[in-house]
Structures are given as structure tokens and as C-alpha cells.
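Chemist: This is the structure I have questions about; it appears just below.
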Amino acid sequence: MIGQALAIGCAVSWALSVVLFKRAASGVTAQGMNLYKNVVALALLGATLAFLGRGFDLGRDPWDWAALAVSGVVGIAVADSLYLAALRRMDAGLLAILECVYAPAVIGLSVWWLRETPSPLFLAGAALVIGGVALALGAGRRSAAAPLGAVAQALLAVLCMAVAVTMAKPALNRGDLIEVTTVRLLAGTAALALFVGARRDRARHFAALRPGGAGRGLFAAAVVGTYVSMILWLGGLKYTDVHTAATLNQLTTVFTIGFARLGLGEPLTPLRLAGGAASLAGGLLVVSAS
């Protein structure tokens, strides 16, 4: 059950971080936010490794190194930048609707790539989770508009996350959770820093890293959304099947309803509550099927 518990914990922490990132996004570029959160998380992960007395697994298979590196580039440098760019251009509730693509994408990839076989009970729970979050967040959002470019950014970000996490699963199974999380984040941060450093407008992206700069309001979001959420996310993937972790991660959309209401003043309607209840029931089915 530890994998399921970690996956649900990730859903809660990520939903909270979405609200924190949304509130702190003004005046900071998406790539600046991404750099800032990654640097903060790397410092915390480094301290955690030192506290635990662990180092890097230099004997890791080269293919595992490559998988973690590519997963970090795709899932952190690319996907997180796209996600944060979309978050700056639309409200958290609308973005959460688009995140419903995540679980089906990961389930499809896990079946095709990792040869995992979900049970009928699992599929019923997954359908209930996805249907519930769509019901909960679709209510009252029919008139909500967002630039098509932002919608495309959000969908591409979610698909990149699905690919990245499926790619990292085998190496994650064979490695230490904190060390693997650090390796993956190092690869993604290095790729992002190189990309931003090559741009002519790099100063405005790196501005978030300056002490007292535009990124000062992002610290809580960085701790919750990267350090805590990434450990819980990868921990869930390590200790359970990819399709189980992905479906339970999808509960983040339901938790976003409550946090967005408290932190952003977004509406909390009976239809949203009904969708949340359906999604939570689906989550219980997923756990019982695992």
C-alpha cells in the first residue's frame, strides 16, 4: 500500500503547489519559475542525500543513466516549462481539466511499453476517476476561454510527463528513490539552464534566481511542488504499477477544486462535489485492484 499512499500524497501536494505557483506567477517567466523551483529542490535533495549518507550510484547500467537523463529533459526541462507557461495564461481549474489526459496516456504507455496488464476492476476505477474529475471541473467551465496556444501547451506538457515517467520506471525500480530523483532533476535542470543560457533574453529568465528578485514568492511552491511532490510522485511509481500510480495521481484534479476555492476564490458547486466523490470512489477501486 505504500506506493498508493505516496501517489495520493503526490496528488494532494501537487494540487496545493498549482495554487501556489498561480499566485506567484506574476512577473516571472515560465522558464524562470521552472529554473527557480528546480534549483531549490536540488539544494534540498542534496541535503537529504547528505543526511542519509548516500551518494550517486556510479555502477548504474548506462541504459538506466540514459533513461533517467532523457526522462529529466523531457519531463522537467520541457514538460514543466510548458505546464507553467499554460498556467500563466489560464486559470487552475481549466488547466486541471486538461490534466485528465495524463492518466489515460500513462495507462496506454504502460500497457504498450512496460507490458503491464490492468485488471477489469482497475479499469473501472480508472474510468470513474477520470469521469469524476471531468464532471467536477467541467461544471461551470463551459464559458471559460483560454488561448488555443495555452491549451496546446498544457496538452503537450501532460503528454511529455506521461512519456517521461514511463521511461524512468525501470531505472527507478532498480535505484534508490532520493538518488534517482536527484539524477533526473539534475539532468532536467542542466538542459533547461543550457537552453535558457543560449537565448538572447536569458536575463529575464535567470532574474527569478537573483536574491530578492521576482522569484522570491515562489519558495513555498518550489518546496511543495518540486521537492515534496517529486519524491512522492516517483515513490508512488517505484512501489506500485505505473498505471495505478498515474490514476491515483489524477486525483490531484479533485484536490485542486478545494485548494482553488480557498486560495483563488474559484467556485465550489454541487456538480463539482459529485464529481469529486465519484473520483475518490474510483481511487478506492484502483487501490483495491492493486
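Ordered as shown in the C-alpha cells, chains take letters A, B, and onward, while each chain numbers its residues from 1 and ligands are numbered from 1 in the order shown.
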Out of segment 194-288 of chain A, which residues get helix (DSSP H, G or I) from DSSP, as an NGL selection string?
Modeler: :A and (194-197 or 202-209 or 214-239 or 242-249 or 252-264 or 270-288)
Chemist: Return as JSON lines the residues of segment 132-244 of chain A lying at most 8 Å from segment 44-58 of chain A, together with the closest atom-to-atom pair for each and the distance in Å to one decimal, counting only C-alpha atoms, with rows in chain order and ascending residue number.
Modeler:
{"residue": "A:Gly175", "atom": "CA", "partner": "A:Asp57", "partner_atom": "CA", "distance": 8.0}
{"residue": "A:Ile178", "atom": "CA", "partner": "A:Leu49", "partner_atom": "CA", "distance": 7.0}
{"residue": "A:Glu179", "atom": "CA", "partner": "A:Phe56", "partner_atom": "CA", "distance": 6.3}
{"residue": "A:Thr182", "atom": "CA", "partner": "A:Leu45", "partner_atom": "CA", "distance": 6.3}
{"residue": "A:Tyr227", "atom": "CA", "partner": "A:Leu44", "partner_atom": "CA", "distance": 7.0}
Chemist: Would you tabulate, counting only C-alpha atoms, all residues of segment 163-252 of chain A that have an atom at most 10 Å from an atom of segment 81-97 of chain A, showing the closest pair of atoms and their distance in Å to one decimal, sorted by chain then ascending number, as a Markdown table?
Modeler:
| residue | atom | partner | partner_atom | distance |
| --- | --- | --- | --- | --- |
| A:Leu192 | CA | A:Ser81 | CA | 8.9 |
| A:Gln250 | CA | A:Ala96 | CA | 9.4 |
| A:Thr252 | CA | A:Ala96 | CA | 8.2 |
Chemist: Determine, counting only C-alpha atoms, which protein, DNA and RNA residues have an atom within 8 Å of an atom of segment 31-34 of chain A; residues of the same chain fewer than 5 positions away are not included. Present the result as a ChimeraX atom specification.
Modeler: /A:25,77,80-81,84-85,192,196,204-209,215,218
Chemist: Can you work out the spacing between atom CA of Gly188 of chain A and atom CA of Gly225 of chain A in Å, to one decimal?
Modeler: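 One can read the atom CA of Gly188 of chain A to atom CA of Gly225 of chain A distance as 15.4 Å.
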Chemist: Could you list, as a short mmCIF file (atom, residue, chain, number, x, y, z; two decimals) with N, CA and C atoms, in the first residue's frame, every residue within 12 Å of Leu20 of chain A, counting only C-alpha atoms and ignoring same-chain residues fewer than 3 positions away?
Modeler:
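Once everything was written out, this is out_26.cif:
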data_model
loop_
_atom_site.label_atom_id
_atom_site.label_comp_id
_atom_site.auth_asym_id
_atom_site.auth_seq_id
_atom_site.Cartn_x
_atom_site.Cartn_y
_atom_site.Cartn_z
N SER A 13 -0.19 17.23 -2.72
CA SER A 13 0.88 18.24 -2.71
C SER A 13 0.94 18.99 -4.03
N TRP A 14 0.72 18.28 -5.15
CA TRP A 14 0.77 18.96 -6.44
C TRP A 14 -0.40 19.92 -6.61
N ALA A 15 -1.59 19.52 -6.14
CA ALA A 15 -2.75 20.42 -6.22
C ALA A 15 -2.49 21.71 -5.44
N LEU A 16 -1.89 21.57 -4.26
CA LEU A 16 -1.56 22.76 -3.47
C LEU A 16 -0.52 23.61 -4.18
N SER A 17 0.46 22.97 -4.80
CA SER A 17 1.52 23.73 -5.46
C SER A 17 1.00 24.47 -6.69
N ARG A 23 -0.49 31.85 -7.85
CA ARG A 23 -0.49 33.10 -7.09
C ARG A 23 0.84 33.84 -7.22
N ALA A 24 1.93 33.10 -7.47
CA ALA A 24 3.25 33.73 -7.52
C ALA A 24 3.75 33.97 -8.94
N ALA A 25 2.92 33.65 -9.95
CA ALA A 25 3.40 33.65 -11.34
C ALA A 25 3.58 35.04 -11.93
N SER A 26 2.94 36.02 -11.37
CA SER A 26 3.00 37.36 -11.95
C SER A 26 4.43 37.91 -11.94
N MET A 33 10.39 30.38 -13.57
CA MET A 33 9.77 29.61 -12.48
C MET A 33 10.34 28.21 -12.43
N LYS A 37 12.35 26.69 -9.17
CA LYS A 37 11.86 25.54 -8.39
C LYS A 37 12.85 24.38 -8.44
N LEU A 84 3.92 25.33 -16.85
CA LEU A 84 3.92 26.62 -16.16
C LEU A 84 3.56 27.76 -17.11
N LEU A 87 -0.14 27.60 -17.28
CA LEU A 87 -0.73 28.06 -16.03
C LEU A 87 -0.75 29.59 -15.95
N ARG A 88 0.23 30.23 -16.55
CA ARG A 88 0.27 31.70 -16.53
C ARG A 88 -0.84 32.30 -17.41
N ALA A 92 -6.45 27.82 -12.89
CA ALA A 92 -6.04 26.49 -12.43
C ALA A 92 -7.10 25.43 -12.71
N GLY A 217 8.68 34.96 -4.27
CA GLY A 217 7.38 34.46 -3.85
C GLY A 217 7.14 33.01 -4.22
N LEU A 218 8.12 32.38 -4.87
CA LEU A 218 7.96 31.02 -5.37
C LEU A 218 8.51 29.96 -4.42
N PHE A 219 9.11 30.35 -3.32
CA PHE A 219 9.81 29.37 -2.49
C PHE A 219 8.89 28.26 -1.99
N ALA A 220 7.74 28.63 -1.43
CA ALA A 220 6.82 27.61 -0.92
C ALA A 220 6.35 26.70 -2.03
N ALA A 221 6.04 27.28 -3.20
CA ALA A 221 5.60 26.48 -4.34
C ALA A 221 6.70 25.53 -4.79
N ALA A 222 7.96 25.99 -4.75
CA ALA A 222 9.08 25.15 -5.17
C ALA A 222 9.28 23.98 -4.22
N VAL A 223 9.17 24.24 -2.92
CA VAL A 223 9.35 23.17 -1.94
C VAL A 223 8.24 22.12 -2.06
N VAL A 224 7.00 22.60 -2.11
CA VAL A 224 5.86 21.68 -2.16
C VAL A 224 5.75 21.02 -3.53
N GLY A 225 5.91 21.83 -4.58
CA GLY A 225 5.63 21.35 -5.93
C GLY A 225 6.76 20.58 -6.58
N THR A 226 7.99 20.74 -6.11
CA THR A 226 9.10 20.03 -6.73
C THR A 226 9.75 19.06 -5.75
N THR A 256 -7.56 19.95 -6.38
CA THR A 256 -7.42 21.32 -6.87
C THR A 256 -8.70 22.11 -6.67
N PHE A 259 -8.56 23.47 -3.06
CA PHE A 259 -7.48 24.44 -2.88
C PHE A 259 -7.71 25.70 -3.72
N ALA A 260 -8.26 25.52 -4.93
CA ALA A 260 -8.53 26.69 -5.77
C ALA A 260 -9.65 27.54 -5.17
N LEU A 262 -10.21 27.83 -1.89
CA LEU A 262 -9.65 28.52 -0.72
C LEU A 262 -8.61 29.57 -1.13
N GLY A 263 -7.76 29.22 -2.09
CA GLY A 263 -6.65 30.11 -2.42
C GLY A 263 -6.89 31.08 -3.55
N LEU A 264 -7.82 30.72 -4.48
CA LEU A 264 -8.04 31.56 -5.65
C LEU A 264 -9.48 32.03 -5.79
#
Chemist: Check the smallest atom-to-atom distance from each of A:Val180, A:Leu35, A:Leu248, A:Ala278 to Tyr102 of chain A using only C-alpha atoms, then report the winner.
Modeler: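 Counting only C-alpha atoms, the residue closest to Tyr102 of chain A is A:Leu248.
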